[in-house]
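**Q** Okay, here's the structure, questions in a sec.
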Amino acid sequence: MIALLLPGVYAPQDDTALLAEALREEAPGAGARVLDVGTGSGALALEAARRGAEVTAVDVSRRAVWTARLNAWLTRLPVRIRRGNLFAPVLGRTYDLILANPPYVPAPDAGRGPHGRSRAWDAGSDGRLLLDRICRDAPALLSPGGLLLIVQSALSGPDRTLELLRAAGLKAAVVRRRWIALGPVLRSREDWLRRRGLLAPAENREELVVIRAERPR
């Protein structure tokens, strides 16, 4: 899916693959304006660019920005890549499709926000540190008929995501689900997740979902 990955940059995994499937199903055509927010390695941005879309990718991590730029250069795909916090670099613009694979893993509160490599997955005690911001700010960046595709864990409240997007006037639904084995991050905090009731006592899998939200024309 990608040619290069700098140290510390989130590697494409099951959530990336699930969102890529949803992207291919939507099949954005040539000239479609696509925004990939939290691009990481650039995998999803490159997938959209291969289909002829006009793609802008954003990430707050310098290493991620350079990784995405190098992958775009190596694959000779035209992707505009900007460094910034979520939608800050693209305010005032609109898109036909917005892709979001944000950090969504619930994390014990250590008295400070995510830092270092954990910024790629940790998202506060409820996993919604960035999800709520995306639900709040993304609708204004969608063109009429535009789509937002978000991948997240069932541990971080998909129902809340649906509620916020619908309250913003979008038509939203879960369009894909996939169960995967608990990865190293979730296994490392398994007891904490069970104490909070986010994982059932015998549960050893995590459910990923893709939410599709459409702005009415």
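By order of appearance in the structure tokens: chains A, B, ..., then residues from 1 within every chain, and ligands from 1 in the order shown.
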Taking 5 positions as the minimum chain separation for residues in the same chain, which residues sit within 8 Å of Val9 in chain A when counting only C-alpha atoms? Answer as a PDB file with all heavy atoms, in the first residue's frame.

**A**
ATOM      1  N   GLY A  40      -1.026  10.304   8.175  1.00  0.00           N
ATOM      2  CA  GLY A  40      -0.013   9.319   8.550  1.00  0.00           C
ATOM      3  C   GLY A  40       0.955   9.068   7.414  1.00  0.00           C
ATOM      4  O   GLY A  40       1.606   9.980   6.899  1.00  0.00           O
ATOM      5  N   SER A  41       1.022   7.831   6.972  1.00  0.00           N
ATOM      6  CA  SER A  41       1.935   7.452   5.882  1.00  0.00           C
ATOM      7  C   SER A  41       1.476   7.950   4.523  1.00  0.00           C
ATOM      8  O   SER A  41       2.229   7.886   3.550  1.00  0.00           O
ATOM      9  CB  SER A  41       2.065   5.928   5.827  1.00  0.00           C
ATOM     10  OG  SER A  41       0.810   5.353   5.464  1.00  0.00           O
ATOM     11  N   ARG A  63       7.065  14.012  10.965  1.00  0.00           N
ATOM     12  CA  ARG A  63       7.527  12.757  10.353  1.00  0.00           C
ATOM     13  C   ARG A  63       6.462  12.179   9.428  1.00  0.00           C
ATOM     14  O   ARG A  63       6.785  11.628   8.372  1.00  0.00           O
ATOM     15  CB  ARG A  63       7.897  11.741  11.439  1.00  0.00           C
ATOM     16  CG  ARG A  63       9.155  12.093  12.195  1.00  0.00           C
ATOM     17  CD  ARG A  63       9.621  10.949  13.064  1.00  0.00           C
ATOM     18  NE  ARG A  63      10.829  11.274  13.794  1.00  0.00           N
ATOM     19  CZ  ARG A  63      11.577  10.383  14.422  1.00  0.00           C
ATOM     20  NH1 ARG A  63      11.219   9.103  14.412  1.00  0.00           N
ATOM     21  NH2 ARG A  63      12.668  10.753  15.060  1.00  0.00           N
ATOM     22  N   ALA A  64       5.208  12.292   9.834  1.00  0.00           N
ATOM     23  CA  ALA A  64       4.142  11.797   8.967  1.00  0.00           C
ATOM     24  C   ALA A  64       4.079  12.607   7.677  1.00  0.00           C
ATOM     25  O   ALA A  64       3.919  12.045   6.590  1.00  0.00           O
ATOM     26  CB  ALA A  64       2.800  11.862   9.700  1.00  0.00           C
ATOM     27  N   THR A  67       6.881  11.501   5.520  1.00  0.00           N
ATOM     28  CA  THR A  67       6.611  10.150   5.006  1.00  0.00           C
ATOM     29  C   THR A  67       5.619  10.200   3.857  1.00  0.00           C
ATOM     30  O   THR A  67       5.818   9.576   2.811  1.00  0.00           O
ATOM     31  CB  THR A  67       6.072   9.254   6.134  1.00  0.00           C
ATOM     32  OG1 THR A  67       7.060   9.111   7.147  1.00  0.00           O
ATOM     33  CG2 THR A  67       5.705   7.874   5.605  1.00  0.00           C
ATOM     34  N   ARG A 117       5.003   8.783  20.100  1.00  0.00           N
ATOM     35  CA  ARG A 117       4.347   7.871  19.166  1.00  0.00           C
ATOM     36  C   ARG A 117       2.872   7.656  19.513  1.00  0.00           C
ATOM     37  O   ARG A 117       2.058   7.377  18.638  1.00  0.00           O
ATOM     38  CB  ARG A 117       5.065   6.526  19.154  1.00  0.00           C
ATOM     39  CG  ARG A 117       6.479   6.564  18.587  1.00  0.00           C
ATOM     40  CD  ARG A 117       7.055   5.170  18.516  1.00  0.00           C
ATOM     41  NE  ARG A 117       6.274   4.320  17.637  1.00  0.00           N
ATOM     42  CZ  ARG A 117       6.349   2.987  17.642  1.00  0.00           C
ATOM     43  NH1 ARG A 117       7.123   2.364  18.494  1.00  0.00           N
ATOM     44  NH2 ARG A 117       5.615   2.289  16.791  1.00  0.00           N
ATOM     45  N   ALA A 120      -0.471   8.833  17.753  1.00  0.00           N
ATOM     46  CA  ALA A 120      -1.090   8.173  16.606  1.00  0.00           C
ATOM     47  C   ALA A 120      -2.280   7.313  17.011  1.00  0.00           C
ATOM     48  O   ALA A 120      -3.060   6.910  16.140  1.00  0.00           O
ATOM     49  CB  ALA A 120      -0.061   7.308  15.870  1.00  0.00           C
TER      50      ALA A 120
END

**Q** Grab the CA of Gly124 in chain A to CA of Gly84 in chain A distance for me, in Å with one decimal place.

**A**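 Answer for the CA of Gly124 in chain A to CA of Gly84 in chain A separation: 19.8 Å.
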
**Q** For range 146-151 of chain A, work out the shell of residues within 6 Å, counting only C-alpha atoms and skipping chain neighbours fewer than 4 positions away, then give it as number ranges by chain.

**A** A: 96-101, 142, 209-215

**Q** So that I have them on file, write out the residues from the current selection with C-alpha atoms, as a PDB file, in the first residue's frame.

**A**
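What ended up in result00.pdb:
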ATOM      1  CA  ASP A  96     -16.399  16.171  -2.094  1.00  0.00           C
ATOM      2  CA  LEU A  97     -14.948  13.526   0.225  1.00  0.00           C
ATOM      3  CA  ILE A  98     -13.203  13.731   3.589  1.00  0.00           C
ATOM      4  CA  LEU A  99     -11.352  10.695   4.964  1.00  0.00           C
ATOM      5  CA  ALA A 100     -10.508  10.436   8.671  1.00  0.00           C
ATOM      6  CA  ASN A 101      -8.620   7.733  10.536  1.00  0.00           C
ATOM      7  CA  LEU A 142     -18.214  19.300   2.820  1.00  0.00           C
ATOM      8  CA  VAL A 209     -16.486   0.480  12.178  1.00  0.00           C
ATOM      9  CA  VAL A 210     -16.609   2.872   9.238  1.00  0.00           C
ATOM     10  CA  ILE A 211     -19.182   5.654   9.471  1.00  0.00           C
ATOM     11  CA  ARG A 212     -20.419   7.316   6.296  1.00  0.00           C
ATOM     12  CA  ALA A 213     -21.974  10.768   6.574  1.00  0.00           C
ATOM     13  CA  GLU A 214     -23.450  12.699   3.653  1.00  0.00           C
ATOM     14  CA  ARG A 215     -24.275  16.375   3.419  1.00  0.00           C
TER      15      ARG A 215
END

**Q** Which of range 27-194 of chain A end up as strand (DSSP E) when DSSP is run on this backbone - answer as an MDAnalysis selection string?

**A** chainID A and resid 33:37 54:59 79:83 95:100 142:153 171:181

**Q** List every residue of range 17-117 of chain A that has an atom at most 12 Å from any atom of range 196-199 of chain A, and for each one report the closest atom pair and its distance in Å to one decimal, counting only C-alpha atoms, with rows sorted by chain and then by increasing residue number, as JSON lines.

**A**
{"residue": "A:Val105", "atom": "CA", "partner": "A:Leu198", "partner_atom": "CA", "distance": 11.0}
{"residue": "A:Pro106", "atom": "CA", "partner": "A:Leu198", "partner_atom": "CA", "distance": 9.1}
{"residue": "A:Ala107", "atom": "CA", "partner": "A:Arg196", "partner_atom": "CA", "distance": 11.0}
{"residue": "A:Pro108", "atom": "CA", "partner": "A:Arg196", "partner_atom": "CA", "distance": 10.2}

**Q** Could you check the closest approach to Leu19 in chain A for each of A:Arg177, A:Arg33, A:Arg187, A:Arg205 and tell me which residue wins, using only C-alpha atoms?

**A**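 Once distances to Leu19 in chain A are computed over only C-alpha atoms, the minimum belongs to A:Arg177.
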
**Q** Write out as a ChimeraX atom specification which residues come within 12 Å of Arg166 in chain A when counting only C-alpha atoms, dropping same-chain ones fewer than 3 positions away.

**A** /A:135-136,139,159-163,169-173,211-216

**Q** Can you tell me which residues surround Gly29 in chain A at a distance of at most 7 Å, considering only C-alpha atoms, apart from same-chain residues fewer than 3 positions away, and format the answer as a ChimeraX atom specification?

**A** /A:32,51-53

**Q** Go through A:Leu18, A:Asp191, A:Leu182, A:Leu131 and flag the residue nearest Leu165 in chain A, using only C-alpha atoms for the distances.

**A** A:Leu131

**Q** Quick one, how far is CA of Ala123 in chain A from CA of Ala72 in chain A?

**A**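 Interatomic distance here is 27.7 Å.
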
**Q** Would you please give, as a ChimeraX atom specification, all residues of range 122-151 of chain A that DSSP assigns to helix (DSSP H, G or I) based on the backbone?

**A** /A:131-141

**Q** Nearest residue to Val60 in chain A out of A:Thr39, A:Ser143, A:Gln152, A:Thr75, using only C-alpha atoms?

**A** A:Thr39

**Q** If I take CA of Gly157 in chain A and CA of Asp122 in chain A, how far is one from the other in Å, to one decimal?

**A**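 Rounded to one decimal, the two atoms are 14.6 Å apart.
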